[in-house]
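*Asks:* One structure, pasted below without further comment.
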Amino acid sequence: MPDAVLKVATYNVNSVRARLELVLEWLRREAPDILCLQETKVQDKDFPEEPFREAGYHVVFRGRKAHAGVAIVSQEKPLEVAFGLDDGGPSAGSGEGKSDEARLVRAVIRGIPVVNTYVPQGRSLDSLHFRYKLEWLARLRALFEQHYSPQEPLLWMGDFNVAPEPMDVHNPKRLKKHVDFHPEARAALERVREWGFVDVFRLHHPDEPGQYTFWDYRAREALERGLGWRVDHIWTTEPLARKATRAWIDVEARRAERPSDHTFLVAEFAT
DNA sequence: ATGGTAGTAAAACTA
(Lines give C-alpha, C1' and ligand atoms only; values in the text may rest on other atoms or scores of the structure.)
Protein backbone atom coordinates (compact mmCIF):
# COMPACT_ATOMS: atom_id res chain seq x y z
CA MET A 1 0.00 0.00 0.00
CA PRO A 2 1.50 3.37 -1.00
CA ASP A 3 2.07 5.90 1.76
CA ALA A 4 -0.60 8.55 2.01
CA VAL A 5 0.57 12.11 2.65
CA LEU A 6 -0.88 14.05 5.55
CA LYS A 7 -0.45 17.78 5.01
CA VAL A 8 -1.18 20.08 7.94
CA ALA A 9 -0.91 23.82 8.50
CA THR A 10 -1.44 26.48 11.15
CA TYR A 11 -2.28 30.14 10.67
CA ASN A 12 -3.04 33.01 13.02
CA VAL A 13 -5.57 34.59 10.68
CA ASN A 14 -6.25 37.80 12.66
CA SER A 15 -9.97 37.76 11.76
CA VAL A 16 -11.30 34.93 9.62
CA ARG A 17 -13.88 37.26 8.08
CA ALA A 18 -11.39 39.95 7.09
CA ARG A 19 -9.17 37.31 5.48
CA LEU A 20 -11.74 34.80 4.24
CA GLU A 21 -10.74 35.06 0.57
CA LEU A 22 -7.04 34.77 1.38
CA VAL A 23 -7.68 31.61 3.39
CA LEU A 24 -9.96 30.04 0.77
CA GLU A 25 -7.46 30.77 -1.96
CA TRP A 26 -4.69 29.25 0.16
CA LEU A 27 -6.82 26.12 0.70
CA ARG A 28 -7.41 25.79 -3.04
CA ARG A 29 -3.72 26.19 -3.80
CA GLU A 30 -2.20 24.09 -1.02
CA ALA A 31 -5.04 21.62 -0.39
CA PRO A 32 -3.97 20.73 3.17
CA ASP A 33 -5.76 17.94 5.00
CA ILE A 34 -5.88 20.05 8.15
CA LEU A 35 -5.65 23.81 8.73
CA CYS A 36 -5.69 25.16 12.29
CA LEU A 37 -6.74 28.80 12.65
CA GLN A 38 -6.27 31.17 15.59
CA GLU A 39 -7.61 34.64 16.30
CA THR A 40 -10.70 34.10 14.21
CA LYS A 41 -12.18 37.08 16.08
CA VAL A 42 -15.76 36.05 15.53
CA GLN A 43 -18.51 34.70 17.75
CA ASP A 44 -19.92 31.34 16.69
CA LYS A 45 -23.19 32.66 15.27
CA ASP A 46 -21.28 34.81 12.78
CA PHE A 47 -18.59 32.28 11.75
CA PRO A 48 -18.48 31.97 7.92
CA GLU A 49 -19.10 28.23 7.92
CA GLU A 50 -20.67 27.92 4.48
CA PRO A 51 -17.68 29.12 2.39
CA PHE A 52 -15.53 26.39 3.98
CA ARG A 53 -18.16 23.75 3.25
CA GLU A 54 -18.38 24.90 -0.36
CA ALA A 55 -14.61 24.58 -0.60
CA GLY A 56 -14.93 20.94 0.45
CA TYR A 57 -13.86 21.31 4.07
CA HIS A 58 -15.37 20.59 7.45
CA VAL A 59 -14.87 23.27 10.06
CA VAL A 60 -15.29 23.31 13.84
CA PHE A 61 -14.84 26.51 15.81
CA ARG A 62 -15.30 28.37 19.04
CA GLY A 63 -15.07 32.13 19.26
CA ARG A 64 -15.67 35.22 21.31
CA LYS A 65 -16.82 38.61 20.25
CA ALA A 66 -13.91 40.58 18.76
CA HIS A 67 -11.03 38.62 20.32
CA ALA A 68 -9.35 35.19 20.29
CA GLY A 69 -11.23 32.33 18.61
CA VAL A 70 -9.94 29.03 17.17
CA ALA A 71 -11.03 26.71 14.36
CA ILE A 72 -9.99 23.44 12.75
CA VAL A 73 -10.59 23.15 9.01
CA SER A 74 -10.27 19.62 7.64
CA GLN A 75 -11.04 17.50 4.60
CA GLU A 76 -12.07 14.57 6.75
CA LYS A 77 -14.80 14.97 9.35
CA PRO A 78 -13.34 15.73 12.79
CA LEU A 79 -14.38 13.34 15.56
CA GLU A 80 -14.43 13.71 19.35
CA VAL A 81 -14.42 17.51 19.11
CA ALA A 82 -13.76 19.31 22.41
CA PHE A 83 -12.99 22.86 23.51
CA GLY A 84 -10.96 24.52 26.23
CA LEU A 85 -8.64 23.14 28.89
CA ASP A 86 -11.67 21.59 30.51
CA ASP A 87 -9.93 21.12 33.88
CA GLY A 88 -12.26 23.10 36.11
CA GLY A 89 -9.43 25.57 36.59
CA PRO A 90 -9.65 29.34 36.36
CA SER A 91 -11.11 30.13 32.97
CA ALA A 92 -11.47 33.77 33.87
CA GLY A 93 -7.86 34.14 35.00
CA SER A 94 -7.57 37.92 35.32
CA GLY A 95 -9.93 39.56 32.93
CA GLU A 96 -9.30 36.82 30.42
CA GLY A 97 -13.01 36.68 29.77
CA LYS A 98 -15.59 34.22 30.94
CA SER A 99 -14.22 31.29 29.02
CA ASP A 100 -10.96 29.89 27.68
CA GLU A 101 -12.81 27.76 25.16
CA ALA A 102 -11.93 30.20 22.40
CA ARG A 103 -8.26 29.28 22.90
CA LEU A 104 -8.26 25.51 22.43
CA VAL A 105 -10.04 23.14 20.10
CA ARG A 106 -9.14 19.49 19.69
CA ALA A 107 -10.43 16.63 17.59
CA VAL A 108 -9.45 13.34 15.99
CA ILE A 109 -8.86 13.53 12.25
CA ARG A 110 -7.82 10.57 10.10
CA GLY A 111 -7.30 8.72 13.35
CA ILE A 112 -4.81 11.27 14.67
CA PRO A 113 -5.57 13.50 17.66
CA VAL A 114 -5.12 17.19 16.82
CA VAL A 115 -4.86 19.98 19.41
CA ASN A 116 -5.07 23.58 18.18
CA THR A 117 -4.15 26.28 20.69
CA TYR A 118 -4.04 30.04 20.87
CA VAL A 119 -1.87 30.40 23.96
CA PRO A 120 -2.56 33.58 26.00
CA GLN A 121 -0.14 36.31 24.96
CA GLY A 122 0.50 37.70 28.45
CA ARG A 123 0.41 41.45 27.71
CA SER A 124 3.22 42.53 30.06
CA LEU A 125 5.65 40.85 32.43
CA ASP A 126 4.22 42.54 35.53
CA SER A 127 0.59 41.76 34.71
CA LEU A 128 -1.63 38.95 35.95
CA HIS A 129 -2.12 38.07 32.31
CA PHE A 130 1.49 36.91 32.15
CA ARG A 131 1.00 34.70 35.23
CA TYR A 132 -2.13 33.37 33.57
CA LYS A 133 -0.11 32.52 30.44
CA LEU A 134 2.43 30.53 32.47
CA GLU A 135 -0.34 28.71 34.34
CA TRP A 136 -2.16 28.06 31.09
CA LEU A 137 0.87 26.26 29.66
CA ALA A 138 1.17 24.18 32.84
CA ARG A 139 -2.51 23.28 32.61
CA LEU A 140 -2.04 22.40 28.95
CA ARG A 141 0.69 19.91 29.89
CA ALA A 142 -1.77 18.38 32.35
CA LEU A 143 -4.30 18.05 29.52
CA PHE A 144 -1.74 16.15 27.43
CA GLU A 145 -0.92 13.93 30.42
CA GLN A 146 -4.56 13.17 31.01
CA HIS A 147 -5.79 12.54 27.48
CA TYR A 148 -2.82 11.45 25.36
CA SER A 149 0.38 9.41 25.32
CA PRO A 150 3.86 10.39 24.06
CA GLN A 151 4.02 6.90 22.54
CA GLU A 152 1.05 7.56 20.25
CA PRO A 153 0.71 9.95 17.31
CA LEU A 154 -0.42 13.43 18.36
CA LEU A 155 -0.39 16.79 16.58
CA TRP A 156 -0.16 19.99 18.61
CA MET A 157 -0.24 23.12 16.53
CA GLY A 158 -1.13 26.77 16.74
CA ASP A 159 0.03 30.16 17.93
CA PHE A 160 1.99 29.25 21.07
CA ASN A 161 2.94 32.90 21.72
CA VAL A 162 6.44 31.71 22.70
CA ALA A 163 9.64 31.74 20.68
CA PRO A 164 11.50 28.70 22.06
CA GLU A 165 15.14 29.61 21.34
CA PRO A 166 17.31 32.71 20.75
CA MET A 167 17.48 31.84 17.05
CA ASP A 168 13.70 32.18 16.92
CA VAL A 169 13.66 35.96 17.46
CA HIS A 170 15.42 38.79 15.64
CA ASN A 171 16.90 40.37 18.77
CA PRO A 172 17.21 37.83 21.60
CA LYS A 173 19.07 40.21 23.91
CA ARG A 174 16.51 42.99 23.81
CA LEU A 175 13.45 40.73 23.65
CA LYS A 176 14.29 38.86 26.88
CA LYS A 177 11.84 41.23 28.55
CA HIS A 178 9.05 40.48 26.12
CA VAL A 179 6.24 38.15 27.21
CA ASP A 180 6.82 35.92 24.15
CA PHE A 181 10.55 35.43 24.80
CA HIS A 182 10.94 35.86 28.55
CA PRO A 183 12.91 33.04 30.22
CA GLU A 184 9.82 32.13 32.26
CA ALA A 185 7.68 31.82 29.14
CA ARG A 186 10.35 29.73 27.42
CA ALA A 187 10.65 27.51 30.51
CA ALA A 188 6.88 27.04 30.67
CA LEU A 189 6.82 25.94 27.03
CA GLU A 190 9.85 23.71 27.60
CA ARG A 191 7.93 21.94 30.38
CA VAL A 192 5.24 21.04 27.86
CA ARG A 193 7.83 19.92 25.30
CA GLU A 194 9.42 17.62 27.87
CA TRP A 195 6.21 15.64 28.11
CA GLY A 196 7.04 14.30 24.68
CA PHE A 197 6.98 16.75 21.79
CA VAL A 198 9.23 17.34 18.81
CA ASP A 199 9.33 20.74 17.08
CA VAL A 200 8.76 19.52 13.54
CA PHE A 201 9.83 22.74 11.80
CA ARG A 202 13.11 22.83 13.75
CA LEU A 203 13.64 19.11 13.16
CA HIS A 204 13.84 19.82 9.45
CA HIS A 205 15.66 23.16 9.73
CA PRO A 206 18.10 22.61 12.61
CA ASP A 207 20.57 25.40 11.89
CA GLU A 208 18.49 28.11 10.28
CA PRO A 209 18.07 31.26 12.36
CA GLY A 210 15.81 33.96 10.97
CA GLN A 211 12.94 31.59 10.16
CA TYR A 212 9.90 33.47 11.42
CA THR A 213 6.10 33.11 11.35
CA PHE A 214 5.13 36.52 12.77
CA TRP A 215 6.09 40.12 12.00
CA ASP A 216 4.47 42.88 14.06
CA TYR A 217 2.25 45.25 12.05
CA ARG A 218 3.57 48.13 14.13
CA ALA A 219 7.20 47.73 13.11
CA ARG A 220 7.36 49.30 9.68
CA GLU A 221 8.87 47.14 6.93
CA ALA A 222 9.17 44.40 9.57
CA LEU A 223 9.25 41.58 7.01
CA GLU A 224 11.81 43.29 4.78
CA ARG A 225 13.99 44.14 7.78
CA GLY A 226 13.75 40.65 9.26
CA LEU A 227 12.04 41.81 12.46
CA GLY A 228 10.23 38.54 13.03
CA TRP A 229 9.40 35.92 15.61
CA ARG A 230 8.87 32.14 15.37
CA VAL A 231 5.89 31.80 17.70
CA ASP A 232 3.65 29.55 15.59
CA HIS A 233 4.44 25.87 15.77
CA ILE A 234 3.70 22.32 14.68
CA TRP A 235 4.83 19.95 17.40
CA THR A 236 4.19 16.20 17.43
CA THR A 237 4.94 13.17 19.53
CA GLU A 238 7.90 10.96 18.47
CA PRO A 239 5.99 8.35 16.47
CA LEU A 240 4.54 11.07 14.23
CA ALA A 241 7.73 13.18 14.11
CA ARG A 242 9.50 10.16 12.63
CA LYS A 243 7.08 10.32 9.72
CA ALA A 244 7.53 14.03 9.02
CA THR A 245 8.93 14.48 5.52
CA ARG A 246 9.19 18.29 5.36
CA ALA A 247 8.12 21.54 6.98
CA TRP A 248 8.12 25.11 5.73
CA ILE A 249 6.92 28.65 6.36
CA ASP A 250 4.88 30.29 3.60
CA VAL A 251 6.48 33.73 3.75
CA GLU A 252 4.76 34.76 0.51
CA ALA A 253 1.41 34.79 2.27
CA ARG A 254 2.78 37.56 4.52
CA ARG A 255 3.46 39.63 1.39
CA ALA A 256 -0.19 39.49 0.28
CA GLU A 257 -2.40 42.55 0.27
CA ARG A 258 -3.86 43.15 3.71
CA PRO A 259 -2.04 40.16 5.21
CA SER A 260 -2.31 38.84 8.72
CA ASP A 261 0.66 39.75 10.89
CA HIS A 262 1.40 36.00 11.02
CA THR A 263 1.83 33.55 8.17
CA PHE A 264 1.17 29.89 7.38
CA LEU A 265 3.39 27.16 8.82
CA VAL A 266 3.06 23.83 6.97
CA ALA A 267 4.25 20.26 7.50
CA GLU A 268 3.86 16.96 5.68
CA PHE A 269 3.86 13.44 7.04
CA ALA A 270 3.98 10.03 5.37
CA THR A 271 1.27 8.12 7.18
C1' DA B 1 13.05 55.37 20.86
C1' DT B 2 8.09 53.11 24.49
C1' DG B 3 6.22 54.72 19.13
C1' DG B 4 4.05 52.08 15.48
C1' DT B 5 -0.85 49.20 12.66
C1' DA B 6 -4.83 46.39 12.23
C1' DG B 7 -9.23 44.38 13.71
C1' DT B 8 -13.60 44.62 16.08
C1' DA B 9 -17.37 47.29 16.54
C1' DA B 10 -18.78 51.48 17.64
C1' DA B 11 -15.09 53.90 22.15
C1' DA B 12 -11.58 51.54 23.65
C1' DC B 13 -9.37 47.32 23.88
C1' DT B 14 -6.25 43.60 22.26
C1' DA B 15 -2.27 42.02 19.98
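Numbering starts fresh at 1 for the residues of each chain in the C-alpha coordinates, the chains themselves are lettered A, B, ... in the order given, and ligands are numbered from 1 as they appear.
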Near chain B, which residues of chain A fall within 12 Å when you count only C-alpha atoms (C1' of nucleotides), and what do they look like as a ChimeraX atom specification?
*Replies:* /A:12-19,39-43,64-68,95-96,120-124,161,179-180,214-222,258-262
*Asks:* Just asking: which residues within region 14-54 of chain A are alpha helix (DSSP H) according to DSSP, as a list in words?
*Replies:* Leu20, Glu21, Leu22, Val23, Leu24, Glu25, Trp26, Leu27, Arg28, Arg29, Glu30, Glu49, Glu50, Pro51, Phe52, Arg53 and Glu54 of chain A
*Asks:* Pull the strand (DSSP E or B) assignments for region 63-247 of chain A out of DSSP run on the backbone, and list those residues as number ranges by chain.
*Replies:* A: 70-74, 79-83, 104-109, 112-118, 155-159, 169, 198-199, 214-215, 228-229, 232-236, 244-247
*Asks:* Write the residues of the preceding selection, restricted to N, CA and C atoms, as a short mmCIF file (atom, residue, chain, number, x, y, z; two decimals), in the first residue's frame.
*Replies:*
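out-v5.cif, freshly written:
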data_model
loop_
_atom_site.label_atom_id
_atom_site.label_comp_id
_atom_site.auth_asym_id
_atom_site.auth_seq_id
_atom_site.Cartn_x
_atom_site.Cartn_y
_atom_site.Cartn_z
N VAL A 70 -10.72 30.07 17.85
CA VAL A 70 -9.94 29.03 17.17
C VAL A 70 -10.86 28.20 16.28
N ALA A 71 -10.26 27.57 15.27
CA ALA A 71 -11.03 26.71 14.36
C ALA A 71 -10.12 25.64 13.80
N ILE A 72 -10.69 24.48 13.51
CA ILE A 72 -9.99 23.44 12.75
C ILE A 72 -10.76 23.19 11.46
N VAL A 73 -10.05 23.37 10.35
CA VAL A 73 -10.59 23.15 9.01
C VAL A 73 -9.98 21.85 8.50
N SER A 74 -10.83 20.92 8.04
CA SER A 74 -10.27 19.62 7.64
C SER A 74 -11.07 18.98 6.53
N LEU A 79 -13.64 14.10 14.56
CA LEU A 79 -14.38 13.34 15.56
C LEU A 79 -13.95 13.78 16.95
N GLU A 80 -14.77 13.44 17.94
CA GLU A 80 -14.43 13.71 19.35
C GLU A 80 -14.00 15.16 19.58
N VAL A 81 -14.76 16.09 19.02
CA VAL A 81 -14.42 17.51 19.11
C VAL A 81 -14.64 18.02 20.54
N ALA A 82 -13.64 18.75 21.07
CA ALA A 82 -13.76 19.31 22.41
C ALA A 82 -13.08 20.67 22.45
N PHE A 83 -13.50 21.49 23.42
CA PHE A 83 -12.99 22.86 23.51
C PHE A 83 -12.46 23.16 24.91
N LEU A 104 -8.68 26.90 22.68
CA LEU A 104 -8.26 25.51 22.43
C LEU A 104 -9.39 24.72 21.80
N VAL A 105 -9.10 24.09 20.68
CA VAL A 105 -10.04 23.14 20.10
C VAL A 105 -9.24 21.89 19.74
N ARG A 106 -9.82 20.73 20.05
CA ARG A 106 -9.14 19.49 19.69
C ARG A 106 -10.13 18.53 19.07
N ALA A 107 -9.58 17.59 18.30
CA ALA A 107 -10.43 16.63 17.59
C ALA A 107 -9.56 15.47 17.15
N VAL A 108 -10.19 14.45 16.59
CA VAL A 108 -9.45 13.34 15.99
C VAL A 108 -9.76 13.35 14.51
N ILE A 109 -8.70 13.44 13.69
CA ILE A 109 -8.86 13.53 12.25
C ILE A 109 -7.95 12.50 11.59
N ILE A 112 -5.86 10.60 13.92
CA ILE A 112 -4.81 11.27 14.67
C ILE A 112 -5.40 12.39 15.52
N PRO A 113 -5.11 12.38 16.82
CA PRO A 113 -5.57 13.50 17.66
C PRO A 113 -4.86 14.79 17.28
N VAL A 114 -5.64 15.87 17.18
CA VAL A 114 -5.12 17.19 16.82
C VAL A 114 -5.53 18.17 17.91
N VAL A 115 -4.57 18.93 18.42
CA VAL A 115 -4.86 19.98 19.41
C VAL A 115 -4.41 21.31 18.82
N ASN A 116 -5.35 22.25 18.73
CA ASN A 116 -5.07 23.58 18.18
C ASN A 116 -5.20 24.60 19.29
N THR A 117 -4.10 25.32 19.59
CA THR A 117 -4.15 26.28 20.69
C THR A 117 -3.79 27.69 20.26
N TYR A 118 -4.44 28.65 20.91
CA TYR A 118 -4.04 30.04 20.87
C TYR A 118 -3.65 30.40 22.30
N LEU A 155 -0.76 15.52 17.21
CA LEU A 155 -0.39 16.79 16.58
C LEU A 155 -0.81 17.94 17.49
N TRP A 156 0.17 18.76 17.88
CA TRP A 156 -0.16 19.99 18.61
C TRP A 156 0.30 21.15 17.75
N MET A 157 -0.61 21.99 17.37
CA MET A 157 -0.24 23.12 16.53
C MET A 157 -1.00 24.38 16.91
N GLY A 158 -0.45 25.51 16.47
CA GLY A 158 -1.13 26.77 16.74
C GLY A 158 -0.18 27.91 16.98
N ASP A 159 -0.76 29.00 17.50
CA ASP A 159 0.03 30.16 17.93
C ASP A 159 0.34 29.93 19.40
N VAL A 169 14.04 34.54 17.45
CA VAL A 169 13.66 35.96 17.46
C VAL A 169 14.79 36.79 16.85
N VAL A 198 8.15 16.97 19.72
CA VAL A 198 9.23 17.34 18.81
C VAL A 198 8.75 18.54 17.98
N ASP A 199 9.60 19.57 17.90
CA ASP A 199 9.33 20.74 17.08
C ASP A 199 9.63 20.37 15.63
N PHE A 214 5.87 35.32 12.33
CA PHE A 214 5.13 36.52 12.77
C PHE A 214 6.01 37.76 12.65
N TRP A 215 5.43 38.82 12.09
CA TRP A 215 6.09 40.12 12.00
C TRP A 215 5.08 41.17 12.43
N GLY A 228 11.26 39.55 12.81
CA GLY A 228 10.23 38.54 13.03
C GLY A 228 10.41 37.72 14.29
N TRP A 229 9.46 36.83 14.46
CA TRP A 229 9.40 35.92 15.61
C TRP A 229 8.91 34.56 15.12
N ASP A 232 4.65 30.52 16.04
CA ASP A 232 3.65 29.55 15.59
C ASP A 232 4.36 28.22 15.36
N HIS A 233 3.71 27.14 15.76
CA HIS A 233 4.44 25.87 15.77
C HIS A 233 3.58 24.67 15.39
N ILE A 234 4.28 23.64 14.88
CA ILE A 234 3.70 22.32 14.68
C ILE A 234 4.59 21.35 15.45
N TRP A 235 4.08 20.88 16.56
CA TRP A 235 4.83 19.95 17.40
C TRP A 235 4.08 18.62 17.41
N THR A 236 4.83 17.52 17.38
CA THR A 236 4.19 16.20 17.43
C THR A 236 4.94 15.29 18.37
N ALA A 244 7.52 12.71 9.66
CA ALA A 244 7.53 14.03 9.02
C ALA A 244 8.51 14.01 7.85
N THR A 245 8.06 14.48 6.71
CA THR A 245 8.93 14.48 5.52
C THR A 245 9.47 15.87 5.22
N ARG A 246 8.69 16.92 5.53
CA ARG A 246 9.19 18.29 5.36
C ARG A 246 8.31 19.27 6.10
N ALA A 247 8.86 20.47 6.30
CA ALA A 247 8.12 21.54 6.98
C ALA A 247 8.61 22.87 6.43
#
*Asks:* For Leu137 (chain A), please output as a list in words all residues within 8 Å (counting only C-alpha atoms (C1' of nucleotides); exclusion window: fewer than 5 positions along the same chain).
*Replies:* Val119, Ala188, Leu189 and Val192 of chain A
*Asks:* Report the distance between CA of Gln75 (chain A) and CA of Phe269 (chain A) in Å, rounded to one decimal place.
*Replies:* 15.6 Å
*Asks:* Kindly indicate which residue among A:Glu30, A:Glu145, A:Glu101, A:Glu224 lies nearest to Asp44 (chain A), using only C-alpha atoms for the distances.
*Replies:*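 The answer is A:Glu101, which sits nearest to Asp44 (chain A).
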*Asks:* Please compute the CA of His129 (chain A)-CA of Phe144 (chain A) distance, one decimal, in Å.
*Replies:*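 Value for the CA of His129 (chain A)-CA of Phe144 (chain A) distance: 22.5 Å.
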*Asks:* To one decimal place in Å, what is the distance between CA of Pro209 (chain A) and CA of Asp168 (chain A)?
*Replies:*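 Here the two named atoms are 6.4 Å from each other.
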*Asks:* Need the shell around Glu152 (chain A): protein/DNA/RNA residues with any atom at most 8 Å away, counting only C-alpha atoms (C1' of nucleotides). Skip same-chain ones fewer than 5 positions apart. Format as a short mmCIF file (atom, residue, chain, number, x, y, z; two decimals) with N, CA and C atoms, in the first residue's frame?
*Replies:*
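Here's the written file selection_19.cif:
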data_model
loop_
_atom_site.label_atom_id
_atom_site.label_comp_id
_atom_site.auth_asym_id
_atom_site.auth_seq_id
_atom_site.Cartn_x
_atom_site.Cartn_y
_atom_site.Cartn_z
N THR A 237 4.27 14.21 18.76
CA THR A 237 4.94 13.17 19.53
C THR A 237 5.92 12.43 18.61
N GLU A 238 6.83 11.67 19.20
CA GLU A 238 7.90 10.96 18.47
C GLU A 238 7.40 10.10 17.31
N PRO A 239 6.38 9.25 17.56
CA PRO A 239 5.99 8.35 16.47
C PRO A 239 5.53 9.10 15.21
N LEU A 240 4.97 10.28 15.39
CA LEU A 240 4.54 11.07 14.23
C LEU A 240 5.71 11.89 13.67
#
